[in-house]
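A.B. asks: What follows is structure_21.cif, made up of mmCIF, C-alpha atoms and all ligand atoms:
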data_my_file
#
loop_
_atom_site.label_atom_id
_atom_site.label_comp_id
_atom_site.auth_asym_id
_atom_site.auth_seq_id
_atom_site.Cartn_x
_atom_site.Cartn_y
_atom_site.Cartn_z
CA MET P 1 -7.68 1.12 -19.92
CA ILE P 2 -5.47 3.46 -17.89
CA GLU P 3 -3.66 6.29 -19.67
CA VAL P 4 -1.51 8.68 -17.68
CA ASN P 5 0.25 11.46 -19.56
CA GLY P 6 2.71 13.99 -18.18
CA LEU P 7 1.32 14.39 -14.67
CA ARG P 8 2.91 17.13 -12.58
CA LYS P 9 2.08 18.11 -9.03
CA LYS P 10 3.75 20.38 -6.51
CA PHE P 11 2.90 20.54 -2.82
CA GLY P 12 4.41 23.90 -1.89
CA THR P 13 8.03 23.55 -2.92
CA VAL P 14 7.96 19.74 -3.03
CA GLU P 15 7.61 18.40 -6.55
CA ALA P 16 5.71 15.18 -5.88
CA LEU P 17 5.13 14.39 -9.56
CA SER P 18 7.42 15.74 -12.25
CA GLY P 19 5.98 14.33 -15.46
CA ILE P 20 4.58 10.84 -14.90
CA SER P 21 3.34 8.88 -17.93
CA PHE P 22 2.31 5.26 -18.26
CA HIS P 23 -0.38 3.09 -19.83
CA VAL P 24 -2.02 -0.07 -18.53
CA ARG P 25 -4.02 -2.52 -20.64
CA ALA P 26 -7.03 -4.62 -19.62
CA GLY P 27 -5.93 -7.69 -17.66
CA GLU P 28 -2.51 -6.22 -16.98
CA ILE P 29 -0.94 -5.71 -13.56
CA TYR P 30 1.26 -2.62 -13.72
CA GLY P 31 3.65 -2.17 -10.82
CA LEU P 32 4.73 1.26 -9.64
CA LEU P 33 7.87 0.36 -7.75
CA GLY P 34 9.62 3.01 -5.70
CA PRO P 35 10.80 4.05 -2.25
CA ASN P 36 8.79 6.08 0.24
CA GLY P 37 8.14 9.59 -1.02
CA ALA P 38 8.62 8.61 -4.68
CA GLY P 39 5.15 9.83 -5.70
CA LYS P 40 3.21 6.55 -5.80
CA SER P 41 0.28 7.61 -3.61
CA THR P 42 0.10 11.02 -5.28
CA THR P 43 -0.24 9.26 -8.66
CA ILE P 44 -3.02 7.06 -7.27
CA GLY P 45 -4.60 10.19 -5.78
CA VAL P 46 -4.73 11.88 -9.18
CA LEU P 47 -6.27 8.79 -10.79
CA CYS P 48 -9.08 8.63 -8.25
CA GLY P 49 -9.74 12.36 -8.34
CA LEU P 50 -8.47 13.19 -4.83
CA VAL P 51 -5.44 15.15 -6.03
CA SER P 52 -5.72 17.69 -8.84
CA PRO P 53 -2.52 17.82 -10.88
CA ASP P 54 -0.82 21.04 -12.00
CA ALA P 55 -0.35 19.62 -15.50
CA GLY P 56 -0.99 16.48 -17.49
CA ALA P 57 -4.00 14.25 -18.00
CA ALA P 58 -5.29 10.84 -17.00
CA ARG P 59 -7.98 8.68 -18.56
CA LEU P 60 -9.70 5.62 -17.15
CA ASN P 61 -11.59 3.47 -19.62
CA GLY P 62 -11.29 6.38 -22.08
CA ILE P 63 -12.81 8.92 -19.67
CA ASP P 64 -10.79 11.94 -18.53
CA VAL P 65 -10.57 11.93 -14.72
CA MET P 66 -10.36 15.72 -14.49
CA GLN P 67 -13.06 16.59 -17.00
CA GLN P 68 -15.56 13.85 -16.15
CA PRO P 69 -14.70 12.79 -12.60
CA VAL P 70 -18.05 11.17 -11.76
CA GLN P 71 -18.14 9.04 -14.91
CA ALA P 72 -14.45 8.13 -14.58
CA ARG P 73 -14.96 6.95 -11.01
CA ARG P 74 -17.64 4.50 -12.15
CA SER P 75 -15.06 2.22 -13.74
CA LEU P 76 -12.71 2.56 -10.77
CA GLY P 77 -12.00 0.51 -7.65
CA VAL P 78 -9.52 1.78 -5.08
CA VAL P 79 -7.68 -0.09 -2.35
CA PRO P 80 -6.09 2.66 -0.25
CA GLN P 81 -2.77 2.43 1.55
CA GLU P 82 -4.48 2.76 4.94
CA VAL P 83 -7.27 0.27 5.69
CA ALA P 84 -10.54 2.22 5.48
CA LEU P 85 -13.19 0.08 7.18
CA TYR P 86 -15.65 0.31 10.09
CA MET P 87 -14.16 -1.78 12.88
CA GLU P 88 -17.35 -2.25 14.90
CA MET P 89 -19.25 -3.59 11.88
CA SER P 90 -19.07 -7.07 10.36
CA ALA P 91 -17.32 -7.82 7.06
CA ARG P 92 -20.69 -8.24 5.37
CA ASP P 93 -22.03 -4.93 6.72
CA ASN P 94 -18.87 -3.11 5.66
CA LEU P 95 -19.22 -4.46 2.12
CA SER P 96 -22.91 -3.65 2.10
CA PHE P 97 -22.04 -0.06 3.05
CA PHE P 98 -19.44 0.32 0.30
CA GLY P 99 -21.68 -1.46 -2.21
CA ARG P 100 -24.46 1.07 -1.64
CA LEU P 101 -21.94 3.88 -2.15
CA TYR P 102 -21.28 2.38 -5.59
CA GLY P 103 -25.03 2.29 -6.24
CA LEU P 104 -25.48 -1.46 -5.80
CA LYS P 105 -28.56 -2.82 -4.02
CA GLY P 106 -30.91 -5.76 -3.44
CA ALA P 107 -30.13 -9.25 -4.67
CA ASP P 108 -27.33 -7.99 -6.93
CA LEU P 109 -25.53 -6.46 -3.92
CA ARG P 110 -26.04 -9.62 -1.82
CA ASN P 111 -24.75 -11.88 -4.58
CA ARG P 112 -21.68 -9.74 -5.15
CA ILE P 113 -20.92 -9.66 -1.42
CA ASP P 114 -21.17 -13.47 -1.26
CA SER P 115 -18.87 -13.94 -4.21
CA VAL P 116 -16.28 -11.37 -3.13
CA LEU P 117 -16.23 -12.73 0.45
CA ALA P 118 -15.54 -16.20 -0.94
CA ARG P 119 -12.85 -14.81 -3.21
CA VAL P 120 -10.99 -13.13 -0.32
CA ARG P 121 -11.61 -16.23 1.80
CA LEU P 122 -13.55 -14.48 4.54
CA ASP P 123 -16.91 -16.15 3.94
CA ASP P 124 -16.70 -18.11 7.20
CA ARG P 125 -16.01 -14.96 9.24
CA ALA P 126 -18.49 -12.66 7.52
CA LYS P 127 -20.79 -11.93 10.43
CA GLU P 128 -18.53 -11.00 13.32
CA PRO P 129 -17.25 -7.50 14.08
CA ILE P 130 -14.02 -7.02 12.17
CA GLU P 131 -12.17 -5.58 15.19
CA ARG P 132 -11.32 -9.25 15.88
CA PHE P 133 -9.69 -9.66 12.46
CA SER P 134 -5.94 -10.02 11.94
CA GLY P 135 -4.03 -7.48 9.85
CA GLY P 136 -4.10 -9.80 6.86
CA MET P 137 -7.84 -10.36 7.11
CA LEU P 138 -8.45 -6.59 7.27
CA ARG P 139 -6.27 -6.11 4.20
CA ARG P 140 -8.24 -8.78 2.33
CA LEU P 141 -11.52 -7.14 3.30
CA ASN P 142 -10.11 -3.76 2.22
CA ILE P 143 -9.43 -5.30 -1.20
CA ALA P 144 -12.90 -6.83 -1.29
CA ALA P 145 -14.41 -3.38 -0.69
CA GLY P 146 -12.40 -2.00 -3.61
CA VAL P 147 -13.44 -4.65 -6.13
CA LEU P 148 -17.02 -5.37 -5.03
CA HIS P 149 -18.56 -3.52 -7.97
CA ALA P 150 -16.34 -5.35 -10.51
CA PRO P 151 -14.59 -2.20 -11.76
CA ALA P 152 -12.62 -2.22 -15.03
CA VAL P 153 -9.72 -0.50 -13.27
CA VAL P 154 -8.36 -1.23 -9.79
CA LEU P 155 -5.77 0.90 -8.03
CA MET P 156 -3.96 -0.75 -5.11
CA ASP P 157 -1.66 1.33 -2.96
CA GLU P 158 0.85 -0.84 -1.06
CA PRO P 159 -1.74 -3.39 0.06
CA THR P 160 0.72 -5.74 1.77
CA VAL P 161 2.80 -3.40 3.95
CA GLY P 162 3.49 -4.90 7.34
CA LEU P 163 2.08 -8.35 6.58
CA ASP P 164 3.83 -11.68 7.07
CA PRO P 165 5.12 -13.51 3.96
CA GLN P 166 2.30 -16.05 3.89
CA THR P 167 -0.42 -13.42 4.04
CA ARG P 168 1.42 -11.36 1.43
CA ALA P 169 1.51 -14.37 -0.87
CA SER P 170 -2.23 -14.90 -0.49
CA ILE P 171 -2.88 -11.26 -1.34
CA LEU P 172 -0.68 -11.45 -4.44
CA GLU P 173 -2.66 -14.50 -5.53
CA LEU P 174 -5.86 -12.52 -5.03
CA VAL P 175 -4.54 -9.66 -7.17
CA ARG P 176 -3.66 -12.14 -9.93
CA GLU P 177 -7.19 -13.54 -9.86
CA ILE P 178 -8.63 -10.03 -10.14
CA ALA P 179 -6.51 -9.27 -13.22
CA VAL P 180 -7.37 -12.58 -14.91
CA ASP P 181 -10.94 -11.29 -15.21
CA GLY P 182 -9.68 -8.51 -17.51
CA THR P 183 -9.30 -5.84 -14.86
CA ALA P 184 -6.45 -3.34 -15.34
CA VAL P 185 -4.52 -3.12 -12.07
CA VAL P 186 -2.08 -0.49 -10.85
CA TYR P 187 -0.17 -1.94 -7.92
CA THR P 188 2.20 0.30 -5.98
CA THR P 189 4.89 -1.22 -3.82
CA HIS P 190 8.33 -0.67 -2.39
CA TYR P 191 8.92 -4.44 -2.27
CA LEU P 192 11.11 -5.53 -5.18
CA ASP P 193 10.15 -9.16 -4.84
CA GLU P 194 6.45 -8.33 -5.15
CA ALA P 195 6.99 -6.36 -8.34
CA GLU P 196 9.03 -9.29 -9.68
CA ARG P 197 6.52 -11.96 -8.73
CA LEU P 198 3.30 -10.16 -9.53
CA CYS P 199 3.55 -7.45 -12.15
CA HIS P 200 3.40 -7.91 -15.91
CA ARG P 201 5.12 -4.59 -16.36
CA ILE P 202 6.97 -2.42 -13.87
CA GLY P 203 7.63 1.30 -13.75
CA ILE P 204 10.48 2.26 -11.46
CA ILE P 205 9.50 5.57 -9.89
CA ASP P 206 11.52 8.05 -7.84
CA HIS P 207 11.28 11.80 -7.27
CA GLY P 208 8.02 11.89 -9.22
CA THR P 209 9.51 10.42 -12.40
CA ILE P 210 9.40 7.00 -14.01
CA LEU P 211 13.07 6.20 -14.47
CA ALA P 212 12.64 2.91 -16.32
CA GLU P 213 9.75 0.82 -17.49
CA GLY P 214 9.21 -2.61 -18.94
CA THR P 215 8.64 -6.26 -18.27
CA LEU P 216 10.87 -7.89 -15.71
CA ALA P 217 12.96 -9.41 -18.51
CA GLU P 218 13.30 -6.03 -20.24
CA LEU P 219 14.33 -4.28 -17.04
CA ARG P 220 16.86 -6.99 -16.24
CA HIS P 221 18.24 -6.69 -19.71
CA ALA P 222 18.50 -2.92 -19.22
CA ALA P 223 20.54 -3.66 -16.12
CA GLY P 224 23.12 -4.98 -18.56
CA GLU P 225 23.86 -7.89 -16.37
CA ARG P 226 24.46 -11.46 -17.22
CA GLU P 227 22.57 -14.48 -16.08
CA ILE P 228 24.49 -16.95 -13.99
CA VAL P 229 24.02 -20.57 -15.04
CA ALA P 230 25.19 -23.54 -13.00
CA LEU P 231 25.46 -26.86 -14.86
CA ARG P 232 25.70 -29.68 -12.35
CA GLY P 233 26.75 -33.25 -13.03
CA THR P 234 30.13 -34.87 -13.71
CA PHE P 235 32.67 -33.09 -15.88
CA ARG P 236 36.26 -33.27 -17.05
CA SER P 237 36.63 -29.74 -15.74
CA GLU P 238 40.15 -29.21 -17.09
CA ALA P 239 38.72 -29.42 -20.63
CA ALA P 240 36.07 -26.75 -20.01
CA PRO P 241 38.05 -23.64 -21.09
CA GLU P 242 39.02 -25.33 -24.34
CA VAL P 243 35.49 -26.42 -25.41
CA LEU P 244 33.97 -23.08 -24.41
CA ARG P 245 36.45 -21.09 -26.46
CA ASN P 246 34.04 -20.98 -29.41
CA CYS P 247 31.28 -19.36 -27.32
CA PRO P 248 32.47 -15.75 -27.07
CA GLU P 249 29.43 -14.56 -25.10
CA VAL P 250 29.84 -17.23 -22.43
CA VAL P 251 32.17 -16.54 -19.55
CA LEU P 252 33.40 -19.47 -17.51
CA ILE P 253 33.44 -18.39 -13.87
CA ARG P 254 34.45 -21.67 -12.27
CA ALA P 255 34.79 -25.30 -13.29
CA SER P 256 34.92 -28.30 -10.98
CA GLU P 257 34.23 -32.00 -11.41
CA SER P 258 30.64 -31.51 -10.28
CA GLU P 259 29.77 -28.03 -11.53
CA LEU P 260 30.37 -25.58 -14.37
CA LEU P 261 29.48 -22.04 -13.37
CA LEU P 262 28.94 -19.71 -16.33
CA ALA P 263 27.80 -16.17 -17.05
CA LEU P 264 25.56 -15.80 -20.11
CA GLN P 265 23.92 -12.95 -21.94
CA SER P 266 20.69 -14.93 -22.33
CA SER P 267 20.07 -18.44 -21.06
CA GLU P 268 17.00 -18.71 -23.29
CA ARG P 269 19.13 -18.21 -26.38
CA GLN P 270 22.38 -19.83 -25.35
CA LEU P 271 21.47 -22.93 -23.34
CA SER P 272 20.66 -24.96 -26.43
CA THR P 273 24.19 -24.53 -27.76
CA LEU P 274 25.79 -24.76 -24.34
CA LEU P 275 24.27 -28.07 -23.22
CA PRO P 276 25.78 -30.21 -25.99
CA ILE P 277 29.17 -28.56 -25.41
CA ALA P 278 29.01 -29.37 -21.68
CA GLY P 279 27.79 -32.85 -22.63
CA SER P 280 30.94 -33.37 -24.69
CA ILE P 281 33.08 -33.15 -21.54
CA GLY P 282 30.75 -34.92 -19.13
CA VAL P 283 27.15 -35.47 -18.07
CA VAL P 284 24.72 -32.64 -17.20
CA ARG P 285 22.22 -33.68 -14.55
CA GLU P 286 20.86 -30.31 -13.47
CA VAL P 287 20.67 -26.77 -14.83
CA ALA P 288 20.14 -23.82 -12.50
CA VAL P 289 19.67 -20.29 -13.86
CA LYS P 290 20.04 -17.25 -11.66
CA GLN P 291 18.58 -14.12 -13.27
CA PRO P 292 20.37 -10.80 -12.99
CA SER P 293 18.58 -8.78 -10.39
CA LEU P 294 16.14 -5.95 -10.63
CA GLU P 295 17.62 -4.70 -7.41
CA SER P 296 20.93 -3.79 -8.99
CA LEU P 297 19.09 -1.88 -11.72
CA PHE P 298 17.03 -0.12 -9.09
CA ILE P 299 20.10 0.92 -7.17
CA LYS P 300 21.79 2.01 -10.39
CA LEU P 301 18.82 4.21 -11.32
CA THR P 302 17.86 5.70 -7.98
CA GLY P 303 21.18 5.56 -6.18
CA ARG P 304 19.48 3.97 -3.20
CA GLU P 305 18.17 0.70 -1.93
CA LEU P 306 14.53 -0.01 -1.25
CA ARG P 307 13.91 -0.08 2.45
CA GLU P 308 10.91 0.10 4.71
N1 LIG P 401 -0.81 16.43 0.78
C1 LIG P 401 0.51 16.63 0.73
N2 LIG P 401 1.04 17.78 1.16
C2 LIG P 401 2.37 18.00 1.09
N3 LIG P 401 3.27 17.15 0.60
C3 LIG P 401 2.81 15.97 0.15
C4 LIG P 401 1.41 15.65 0.19
N4 LIG P 401 1.25 14.41 -0.32
C5 LIG P 401 2.48 13.98 -0.66
N5 LIG P 401 3.42 14.91 -0.39
C6 LIG P 401 4.87 14.79 -0.67
O1 LIG P 401 5.00 14.39 -2.01
C7 LIG P 401 6.03 13.42 -2.15
C8 LIG P 401 5.45 12.13 -2.71
O2 LIG P 401 4.61 11.52 -1.74
P1 LIG P 401 3.78 10.20 -2.00
O3 LIG P 401 3.09 10.30 -3.31
O4 LIG P 401 2.93 9.95 -0.81
O5 LIG P 401 4.94 9.10 -2.09
P2 LIG P 401 4.86 7.51 -1.94
O6 LIG P 401 3.42 7.10 -1.93
O7 LIG P 401 5.62 6.99 -3.11
O8 LIG P 401 5.55 7.18 -0.66
C9 LIG P 401 6.64 13.26 -0.77
O9 LIG P 401 7.75 14.11 -0.68
C10 LIG P 401 5.53 13.71 0.16
O10 LIG P 401 6.05 14.21 1.36
MG MG P 402 2.34 5.99 -0.53
#
Take the structure in the file and give it back as structure tokens.
C.D. replies:
Amino acid sequence: MIEVNGLRKKFGTVEALSGISFHVRAGEIYGLLGPNGAGKSTTIGVLCGLVSPDAGAARLNGIDVMQQPVQARRSLGVVPQEVALYMEMSARDNLSFFGRLYGLKGADLRNRIDSVLARVRLDDRAKEPIERFSGGMLRRLNIAAGVLHAPAVVLMDEPTVGLDPQTRASILELVREIAVDGTAVVYTTHYLDEAERLCHRIGIIDHGTILAEGTLAELRHAAGEREIVALRGTFRSEAAPEVLRNCPEVVLIRASESELLLALQSSERQLSTLLPIAGSIGVVREVAVKQPSLESLFIKLTGRELRE
């Protein structure tokens, strides 16, 4: 659906993109995760034809965005980083305006506006001027304007910046619903937790390069860290080192009468052998798994933390 190959772009002496490549399938949410200035918005800009790259190519739905910009834009919906709406107009009138830009009209346009307003949960506030809307409501309407024409590809550039956690969660849910319909979504963010919660695959971007890419599990694995597993219950803790001796990949961090704390390479693989062993020295009532963090990988790769 989205194919990006070797994009390069310089603004004067600043190399905003230095060879960006990634692919996104239909129904997939691809996260571009990186700090401010990493090149996220420039990448989005190339995909929607606002920035012309110095090298490389991008295709949307098989159509080259540089060679056939008008056709490529037809399968594209964009949710820009800054809310782009008319504040004195109602939600419905804003959507009607954007719908006509996409070439929609008549009953088709009205029906789409109704359904998208319901989807972003603004149907009860559709007729009042949006200057009364909260930040979260404006963001939801901004998304509605980007997906009104049911595009095959949606690009979202940091759509939750500055919102409270509850509103962010509702927007993530909305993005999931959009992808379930088969839409390919590129979602840029500098929030680690959003990339973790939302994206099927994540590209970690900095200085115009994708430093690592994969599913959350793949990236965590690349971090080379172990999962921490807490087995809670009642144990003869003094026997723990002895019974765990035959599990070379399991490291016992701490053992008490109520908890065995262990580091594993893969809980998915190792829990089935571990549980009977723990059961032989007590009773397991609860298993808690703490995944190694994407954050440590991010810091390892970029040398910096993600901040506002
Ligand atoms: N129009 C522009 N003119 C000059 N420099 C730009 C322009 N757009 C982006 N840049 C620079 O390119 C780099 C990447 O910016 P951007 O793609 O906006 O990053 P992000 O969206 O990840 O924060 C930054 O160093 C930024 O200052
Ligand atoms: Mg940006």
A.B. asks: Within 12 Å of Ser21 of chain P, counting all atoms listed in the file, which residues qualify if same-chain residues fewer than 2 places away don't, as a list in words?
C.D. replies: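 Non-adjacent residues within range: Ile2, Glu3, Val4, Asn5, Gly6, Leu7, Arg8, Leu17, Ser18, Gly19, His23, Val24, Leu32, Thr43, Leu47, Ala55, Gly56, Ala57, Ala58, Arg59, Gly203, Ile204, Ile205, Gly208, Thr209, Ile210, Leu211, Ala212 and Glu213 of chain P.
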A.B. asks: If you measure from atom CA of Val79 of chain P to atom CA of Asn61 of chain P, what distance in Å do you get, rounded to one decimal?
C.D. replies: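 Separation between atom CA of Val79 of chain P and atom CA of Asn61 of chain P: 18.1 Å.
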A.B. asks: Write out, as a Markdown table, each residue of chain P that has an atom at most 8 Å from ligand MG 402 (chain P), together with the closest pair of atoms and their distance in Å to one decimal, counting only C-alpha atoms and all ligand atoms, rows going by chain and rising number.
C.D. replies:
| residue | atom | partner | partner_atom | distance |
| --- | --- | --- | --- | --- |
| P:Asn36 | CA | P:MG402 | MG | 6.5 |
| P:Gly37 | CA | P:MG402 | MG | 6.8 |
| P:Ala38 | CA | P:MG402 | MG | 8.0 |
| P:Gly39 | CA | P:MG402 | MG | 7.0 |
| P:Lys40 | CA | P:MG402 | MG | 5.4 |
| P:Ser41 | CA | P:MG402 | MG | 4.0 |
| P:Thr42 | CA | P:MG402 | MG | 7.3 |
| P:Gln81 | CA | P:MG402 | MG | 6.6 |
| P:Asp157 | CA | P:MG402 | MG | 6.6 |
| P:Glu158 | CA | P:MG402 | MG | 7.0 |
| P:Thr188 | CA | P:MG402 | MG | 7.9 |
A.B. asks: Please determine, counting only C-alpha atoms and all ligand atoms, which residue among P:Lys290, P:His200, P:Lys10, P:Arg285 has the shortest atom-to-atom distance to ligand LIG 401 (chain P).
C.D. replies: P:Lys10
A.B. asks: So how many Å separate atom CA of Val78 of chain P and atom CA of Asn142 of chain P, to one decimal?
C.D. replies: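 Atom CA of Val78 of chain P sits 9.2 Å away from atom CA of Asn142 of chain P.
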A.B. asks: Check the smallest atom-to-atom distance from each of P:Leu297, P:Met1, P:Ala16, P:Ala118 to ligand LIG 401 (chain P) using only C-alpha atoms and all ligand atoms, then report the winner.
C.D. replies: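 Between P:Leu297, P:Met1, P:Ala16, P:Ala118, the residue approaching ligand LIG 401 (chain P) most closely is P:Ala16.
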A.B. asks: Smallest atom-to-atom distance to ligand LIG 401 (chain P): which of P:Leu172, P:Leu244, P:Leu148, P:Met156, using all atoms listed in the file?
C.D. replies: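 Closest candidate: P:Met156.
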A.B. asks: Do a neighbour search on Leu260 of chain P at 9 Å with all atoms listed in the file, toss out local chain neighbours closer than 4 positions, and write the hits as a list of chain:residue names.
C.D. replies: P:Val229, P:Ala230, P:Leu231, P:Arg232, P:Gly233, P:Phe235, P:Ser237, P:Ala240, P:Leu252, P:Ile253, P:Arg254, P:Ala255, P:Ser256, P:Ala278
A.B. asks: From the set P:Ser272, P:Thr189, P:Asn246, P:Gln67, which residue has the shortest atom-to-atom contact distance to ligand LIG 401 (chain P), counting all atoms listed in the file?
C.D. replies: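 With all atoms listed in the file as the atom set, the closest residue is P:Thr189.
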A.B. asks: Would you work out the distance separating atom CA of Val185 of chain P from atom CA of Tyr30 of chain P, expressed in Å to one decimal?
C.D. replies: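 Computed distance, atom CA of Val185 of chain P to atom CA of Tyr30 of chain P, equals 6.0 Å.
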A.B. asks: From the options P:Phe98, P:Gly182, P:Tyr191, P:Arg121, which residue's atoms come nearest to Gly146 of chain P, counting all atoms listed in the file?
C.D. replies: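 The shortest atom-to-atom distance to Gly146 of chain P comes from P:Phe98.
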A.B. asks: How would segment 148-172 of chain P read, as a PDB file, in the coordinates of the input, once N, CA and C atoms are built in?
C.D. replies:
ATOM      1  N   LEU P 148     -15.648  -4.876  -5.163  1.00  0.00           N
ATOM      2  CA  LEU P 148     -17.020  -5.370  -5.030  1.00  0.00           C
ATOM      3  C   LEU P 148     -17.881  -5.111  -6.266  1.00  0.00           C
ATOM      4  N   HIS P 149     -17.713  -3.927  -6.852  1.00  0.00           N
ATOM      5  CA  HIS P 149     -18.560  -3.520  -7.970  1.00  0.00           C
ATOM      6  C   HIS P 149     -17.952  -3.903  -9.318  1.00  0.00           C
ATOM      7  N   ALA P 150     -16.985  -4.841  -9.290  1.00  0.00           N
ATOM      8  CA  ALA P 150     -16.340  -5.350 -10.510  1.00  0.00           C
ATOM      9  C   ALA P 150     -15.881  -4.233 -11.442  1.00  0.00           C
ATOM     10  N   PRO P 151     -15.044  -3.321 -10.937  1.00  0.00           N
ATOM     11  CA  PRO P 151     -14.590  -2.200 -11.760  1.00  0.00           C
ATOM     12  C   PRO P 151     -13.617  -2.660 -12.849  1.00  0.00           C
ATOM     13  N   ALA P 152     -13.539  -1.896 -13.930  1.00  0.00           N
ATOM     14  CA  ALA P 152     -12.620  -2.220 -15.030  1.00  0.00           C
ATOM     15  C   ALA P 152     -11.180  -1.897 -14.650  1.00  0.00           C
ATOM     16  N   VAL P 153     -11.039  -0.971 -13.694  1.00  0.00           N
ATOM     17  CA  VAL P 153      -9.720  -0.500 -13.270  1.00  0.00           C
ATOM     18  C   VAL P 153      -9.631  -0.579 -11.749  1.00  0.00           C
ATOM     19  N   VAL P 154      -8.560  -1.192 -11.243  1.00  0.00           N
ATOM     20  CA  VAL P 154      -8.360  -1.230  -9.790  1.00  0.00           C
ATOM     21  C   VAL P 154      -7.002  -0.628  -9.456  1.00  0.00           C
ATOM     22  N   LEU P 155      -7.002   0.289  -8.496  1.00  0.00           N
ATOM     23  CA  LEU P 155      -5.770   0.900  -8.030  1.00  0.00           C
ATOM     24  C   LEU P 155      -5.478   0.380  -6.628  1.00  0.00           C
ATOM     25  N   MET P 156      -4.311  -0.214  -6.432  1.00  0.00           N
ATOM     26  CA  MET P 156      -3.960  -0.750  -5.110  1.00  0.00           C
ATOM     27  C   MET P 156      -2.691  -0.079  -4.626  1.00  0.00           C
ATOM     28  N   ASP P 157      -2.797   0.570  -3.472  1.00  0.00           N
ATOM     29  CA  ASP P 157      -1.660   1.330  -2.960  1.00  0.00           C
ATOM     30  C   ASP P 157      -1.014   0.577  -1.798  1.00  0.00           C
ATOM     31  N   GLU P 158       0.077  -0.086  -2.055  1.00  0.00           N
ATOM     32  CA  GLU P 158       0.850  -0.840  -1.060  1.00  0.00           C
ATOM     33  C   GLU P 158      -0.038  -1.698  -0.152  1.00  0.00           C
ATOM     34  N   PRO P 159      -0.772  -2.637  -0.744  1.00  0.00           N
ATOM     35  CA  PRO P 159      -1.740  -3.390   0.060  1.00  0.00           C
ATOM     36  C   PRO P 159      -1.143  -4.449   0.976  1.00  0.00           C
ATOM     37  N   THR P 160       0.150  -4.656   0.948  1.00  0.00           N
ATOM     38  CA  THR P 160       0.720  -5.740   1.770  1.00  0.00           C
ATOM     39  C   THR P 160       1.706  -5.247   2.820  1.00  0.00           C
ATOM     40  N   VAL P 161       1.801  -3.921   2.998  1.00  0.00           N
ATOM     41  CA  VAL P 161       2.800  -3.400   3.950  1.00  0.00           C
ATOM     42  C   VAL P 161       2.538  -3.952   5.347  1.00  0.00           C
ATOM     43  N   GLY P 162       3.583  -4.444   5.962  1.00  0.00           N
ATOM     44  CA  GLY P 162       3.490  -4.900   7.340  1.00  0.00           C
ATOM     45  C   GLY P 162       2.900  -6.285   7.527  1.00  0.00           C
ATOM     46  N   LEU P 163       2.651  -7.002   6.433  1.00  0.00           N
ATOM     47  CA  LEU P 163       2.080  -8.350   6.580  1.00  0.00           C
ATOM     48  C   LEU P 163       3.167  -9.416   6.527  1.00  0.00           C
ATOM     49  N   ASP P 164       2.865 -10.582   7.107  1.00  0.00           N
ATOM     50  CA  ASP P 164       3.830 -11.680   7.070  1.00  0.00           C
ATOM     51  C   ASP P 164       3.860 -12.280   5.662  1.00  0.00           C
ATOM     52  N   PRO P 165       4.948 -13.006   5.336  1.00  0.00           N
ATOM     53  CA  PRO P 165       5.120 -13.510   3.960  1.00  0.00           C
ATOM     54  C   PRO P 165       3.966 -14.365   3.450  1.00  0.00           C
ATOM     55  N   GLN P 166       3.396 -15.182   4.321  1.00  0.00           N
ATOM     56  CA  GLN P 166       2.300 -16.050   3.890  1.00  0.00           C
ATOM     57  C   GLN P 166       1.065 -15.245   3.504  1.00  0.00           C
ATOM     58  N   THR P 167       0.749 -14.254   4.326  1.00  0.00           N
ATOM     59  CA  THR P 167      -0.420 -13.420   4.040  1.00  0.00           C
ATOM     60  C   THR P 167      -0.171 -12.585   2.790  1.00  0.00           C
ATOM     61  N   ARG P 168       1.077 -12.101   2.641  1.00  0.00           N
ATOM     62  CA  ARG P 168       1.420 -11.360   1.430  1.00  0.00           C
ATOM     63  C   ARG P 168       1.195 -12.222   0.207  1.00  0.00           C
ATOM     64  N   ALA P 169       1.658 -13.468   0.279  1.00  0.00           N
ATOM     65  CA  ALA P 169       1.510 -14.370  -0.870  1.00  0.00           C
ATOM     66  C   ALA P 169       0.042 -14.569  -1.209  1.00  0.00           C
ATOM     67  N   SER P 170      -0.809 -14.676  -0.203  1.00  0.00           N
ATOM     68  CA  SER P 170      -2.230 -14.900  -0.490  1.00  0.00           C
ATOM     69  C   SER P 170      -2.852 -13.656  -1.117  1.00  0.00           C
ATOM     70  N   ILE P 171      -2.362 -12.489  -0.737  1.00  0.00           N
ATOM     71  CA  ILE P 171      -2.880 -11.260  -1.340  1.00  0.00           C
ATOM     72  C   ILE P 171      -2.405 -11.124  -2.795  1.00  0.00           C
ATOM     73  N   LEU P 172      -1.161 -11.496  -3.054  1.00  0.00           N
ATOM     74  CA  LEU P 172      -0.680 -11.450  -4.440  1.00  0.00           C
ATOM     75  C   LEU P 172      -1.506 -12.380  -5.321  1.00  0.00           C
TER      76      LEU P 172
END
